[in-house]
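Novice: Here it is, the structure in full.
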Amino acid sequence: MEIHSANGYLPDQFLQDGTNHRTDEYGGPIENRARFLLEITQAAIDVWGKERVGVRLSPSGIYGSMSDSSPQETFGCVAEKLSDLGIAYLHVVEPRIKGTELISVSEPVAAKNLRQHFRGTLIAAGGFTGESAEAILQAGDADAVAFGRAFISNPDLPERLRDNLPLTPYDRTTFYGGGAHGYTDYPRAQTSD
Ligand SMILES: Cc1cc2nc3c(=O)[nH]c(=O)nc-3n(C[C@H](O)[C@H](O)[C@H](O)COP(=O)(O)O)c2cc1C
């Protein structure tokens with residue numbers, strides 16, 4: 001079970017001080033802002049066990065007008081507390097990157113930063129190619145990489161990356177259409193067997 005605390009969803013709104021303006025024990029210092037996520041995580045662990053619960057964070061995401069005044073400190077602290085809970089993994093959406101250029105994030109927090117605070121399995125996601133995925137694994141900044149868009153248009157993505165087969169480009173205009181077309185009807189790679 002993955003607890004979605006990224007991309008401006010409710011637990012993320014509690015974590016970041018740009019959206020959390022509460023004055024009770026769920027607002028103010030990061031120890032308070034993290035309380036909601038930690039309580040949810042603990043409740044899930046109580047039911048399913050820590051080895052079946054992961055958490056997703058997007059420390060540098062700006063979707064939904066999210067912001068924090070000190071993201072390194074905020075997410076470093078959250079990662080440390082999640083580490084103490086012994087969850088199965090931490091899943092980090094990487095800062096948005098266009099080529100090698102970072103898009104409009106002043107103090108980006110990436111998997112490699114949270115690695116210093118989280119002692120378990122770390123998954124990175126967001127804009128990866130086969131090459132950049134291999135690079136982050138080799139650098140030791142993540143233990144695994146998650147793919148979104150490329151997986152839609154390449155249902156056999158792991159095999160294609162492993163065998164160096166060309167990837168089918170995705171068609172963004174079909175992503176939110178609600179039907180199978182452009183979601184589940186991309187073919188597997190043609191191979192000789
Ligand atoms: C069609 C589509 C719908 C998505 N919907 C959501 C969503 O509702 N909430 C969310 O947090 N992320 C959503 N994402 C983002 C993915 O969870 C994931 O972070 C992203 O696709 C991974 O990066 P990549 O596509 O660059 O590999 C969506 C992605 C796609 C392609």
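Residues in the structure tokens are named by chain (A, B, ... in the order shown) and by number from 1 within that chain; ligands are numbered from 1 in the order shown.
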Near Thr41 in chain A, counting only C-alpha atoms, which residues have an atom at most 12 Å away, once you skip same-chain residues fewer than 5 positions from it, shown as a compact mmCIF listing (two decimals) with N, CA, C and O atoms, in the first residue's frame?

Specialist:
```
# COMPACT_ATOMS: atom_id res chain seq x y z
N MET A 1 0.84 -1.18 0.00
CA MET A 1 0.00 0.00 0.00
C MET A 1 0.88 1.24 0.00
O MET A 1 1.79 1.35 0.82
N GLU A 2 0.61 2.13 -0.94
CA GLU A 2 1.40 3.37 -1.01
C GLU A 2 0.53 4.54 -0.54
O GLU A 2 -0.54 4.79 -1.09
N ILE A 3 1.01 5.24 0.47
CA ILE A 3 0.29 6.43 0.94
C ILE A 3 0.75 7.61 0.09
O ILE A 3 1.94 7.93 0.02
N HIS A 4 -0.21 8.24 -0.56
CA HIS A 4 0.11 9.31 -1.50
C HIS A 4 0.19 10.65 -0.76
O HIS A 4 -0.82 11.29 -0.51
N SER A 5 1.41 11.03 -0.45
CA SER A 5 1.62 12.30 0.26
C SER A 5 2.43 13.23 -0.65
O SER A 5 3.29 13.97 -0.19
N PRO A 11 -2.24 14.91 2.57
CA PRO A 11 -1.10 14.85 3.51
C PRO A 11 0.00 15.84 3.14
O PRO A 11 0.65 16.41 4.03
N ALA A 34 3.98 17.29 10.23
CA ALA A 34 4.17 15.89 9.81
C ALA A 34 3.22 14.95 10.55
O ALA A 34 3.08 13.78 10.18
N ARG A 35 2.56 15.44 11.59
CA ARG A 35 1.73 14.58 12.46
C ARG A 35 0.66 13.81 11.67
O ARG A 35 0.46 12.62 11.86
N PHE A 36 -0.02 14.52 10.76
CA PHE A 36 -1.12 13.90 10.01
C PHE A 36 -0.61 12.71 9.19
O PHE A 36 -1.13 11.60 9.27
N ASP A 46 -0.32 -0.52 11.39
CA ASP A 46 -1.01 -1.33 12.40
C ASP A 46 -1.88 -2.40 11.75
O ASP A 46 -2.08 -3.48 12.30
N VAL A 47 -2.41 -2.10 10.55
CA VAL A 47 -3.30 -3.05 9.87
C VAL A 47 -2.50 -4.02 8.99
O VAL A 47 -2.70 -5.23 9.05
N TRP A 48 -1.57 -3.48 8.18
CA TRP A 48 -0.93 -4.32 7.16
C TRP A 48 0.52 -4.70 7.46
O TRP A 48 1.10 -5.53 6.78
N GLY A 49 1.13 -4.02 8.44
CA GLY A 49 2.53 -4.31 8.74
C GLY A 49 3.45 -3.36 7.99
O GLY A 49 3.16 -2.98 6.85
N LYS A 50 4.57 -2.98 8.60
CA LYS A 50 5.44 -1.96 8.01
C LYS A 50 6.05 -2.39 6.68
O LYS A 50 6.36 -1.56 5.83
N GLU A 51 6.20 -3.70 6.47
CA GLU A 51 6.82 -4.17 5.22
C GLU A 51 5.87 -4.07 4.04
O GLU A 51 6.26 -4.33 2.90
N ARG A 52 4.60 -3.71 4.28
CA ARG A 52 3.64 -3.57 3.18
C ARG A 52 3.19 -2.14 2.96
O ARG A 52 2.28 -1.89 2.19
N VAL A 53 3.84 -1.19 3.64
CA VAL A 53 3.41 0.21 3.54
C VAL A 53 4.56 1.08 3.04
O VAL A 53 5.66 1.04 3.60
N GLY A 54 4.30 1.84 1.96
CA GLY A 54 5.27 2.80 1.45
C GLY A 54 4.63 4.19 1.42
O GLY A 54 3.41 4.33 1.56
N VAL A 55 5.47 5.21 1.25
CA VAL A 55 4.97 6.59 1.21
C VAL A 55 5.57 7.32 0.03
O VAL A 55 6.75 7.15 -0.28
N ARG A 56 4.75 8.11 -0.63
CA ARG A 56 5.23 8.90 -1.76
C ARG A 56 5.27 10.39 -1.40
O ARG A 56 4.30 10.93 -0.87
N VAL A 78 10.78 14.79 7.60
CA VAL A 78 9.72 13.81 7.30
C VAL A 78 10.36 12.46 6.95
O VAL A 78 9.92 11.40 7.44
N LYS A 81 11.58 10.69 10.04
CA LYS A 81 10.52 10.13 10.87
C LYS A 81 9.91 8.89 10.20
O LYS A 81 9.57 7.91 10.87
N LEU A 82 9.80 8.91 8.87
CA LEU A 82 9.29 7.73 8.16
C LEU A 82 10.29 6.59 8.26
O LEU A 82 9.92 5.42 8.36
N SER A 83 11.57 6.94 8.25
CA SER A 83 12.62 5.94 8.40
C SER A 83 12.48 5.25 9.76
O SER A 83 12.57 4.02 9.86
N ASP A 84 12.21 6.04 10.79
CA ASP A 84 12.05 5.48 12.14
C ASP A 84 10.87 4.50 12.21
O ASP A 84 10.89 3.56 12.99
N LEU A 85 9.84 4.76 11.37
CA LEU A 85 8.68 3.86 11.37
C LEU A 85 8.99 2.55 10.64
O LEU A 85 8.25 1.58 10.73
N GLY A 86 10.09 2.53 9.88
CA GLY A 86 10.52 1.28 9.23
C GLY A 86 9.66 0.87 8.05
O GLY A 86 9.52 -0.33 7.76
N ILE A 87 9.09 1.86 7.33
CA ILE A 87 8.23 1.53 6.18
C ILE A 87 9.00 0.79 5.09
O ILE A 87 10.23 0.81 5.04
N ALA A 88 8.25 0.15 4.18
CA ALA A 88 8.85 -0.69 3.14
C ALA A 88 9.72 0.14 2.19
O ALA A 88 10.76 -0.31 1.74
N TYR A 89 9.25 1.33 1.86
CA TYR A 89 10.04 2.18 0.95
C TYR A 89 9.56 3.63 1.00
O TYR A 89 8.42 3.90 1.42
N LEU A 90 10.44 4.51 0.56
CA LEU A 90 10.07 5.91 0.34
C LEU A 90 10.16 6.18 -1.15
O LEU A 90 11.16 5.84 -1.79
```

Novice: Step one, run DSSP on the backbone; step two, keep only residues of range 2-166 of chain A assigned to helix (DSSP H, G or I); then write them as a ChimeraX atom specification.

Specialist: /A:10-15,30-33,35-48,50-52,63-65,71-85,111-114,130-139,149-153,157-163

Novice: Using only C-alpha atoms and all ligand atoms, which residues of the polymer chains come no farther than 7 Å from ligand 1? I'd like the answer as a ChimeraX atom specification.

Specialist: /A:6-7,93,125-128,146-150,175-176

Novice: Go ahead and save the residues from that selection, with C-alpha atoms, as a PDB file, in the first residue's frame.

Specialist:
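Done, and the output landed in selection.pdb:
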```pdb
ATOM      1  CA  ALA A   6       2.844  13.981  -2.944  1.00  0.00           C
ATOM      2  CA  ASN A   7       1.589  16.370  -5.610  1.00  0.00           C
ATOM      3  CA  VAL A  93       9.135  12.435  -7.169  1.00  0.00           C
ATOM      4  CA  ALA A 125      10.349   8.856 -10.222  1.00  0.00           C
ATOM      5  CA  GLY A 126       9.761  11.649 -12.688  1.00  0.00           C
ATOM      6  CA  GLY A 127      11.110  12.171 -16.171  1.00  0.00           C
ATOM      7  CA  PHE A 128      13.516   9.222 -16.218  1.00  0.00           C
ATOM      8  CA  ALA A 146       9.447   4.208 -11.241  1.00  0.00           C
ATOM      9  CA  PHE A 147       8.167   5.089 -14.701  1.00  0.00           C
ATOM     10  CA  GLY A 148       4.820   6.584 -15.630  1.00  0.00           C
ATOM     11  CA  ARG A 149       4.341   7.886 -19.145  1.00  0.00           C
ATOM     12  CA  ALA A 150       6.807   5.573 -20.875  1.00  0.00           C
ATOM     13  CA  PHE A 175      -3.940  10.285 -21.573  1.00  0.00           C
ATOM     14  CA  TYR A 176      -7.046  11.590 -19.870  1.00  0.00           C
TER      15      TYR A 176
END
```

Novice: Using only C-alpha atoms, which of A:Ser67, A:Arg172, A:Asp24, A:Asp143 sits nearest Gly120 in chain A?

Specialist: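 Among the listed residues, A:Asp143 lies closest to Gly120 in chain A.
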
Novice: In terms of the shortest atom-to-atom distance over only C-alpha atoms, which of A:Ser65, A:Thr129, A:Gln116, A:Thr19 is closest to Asn164 in chain A?

Specialist: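 Of the candidates, the smallest distance to Asn164 in chain A is held by A:Thr129.
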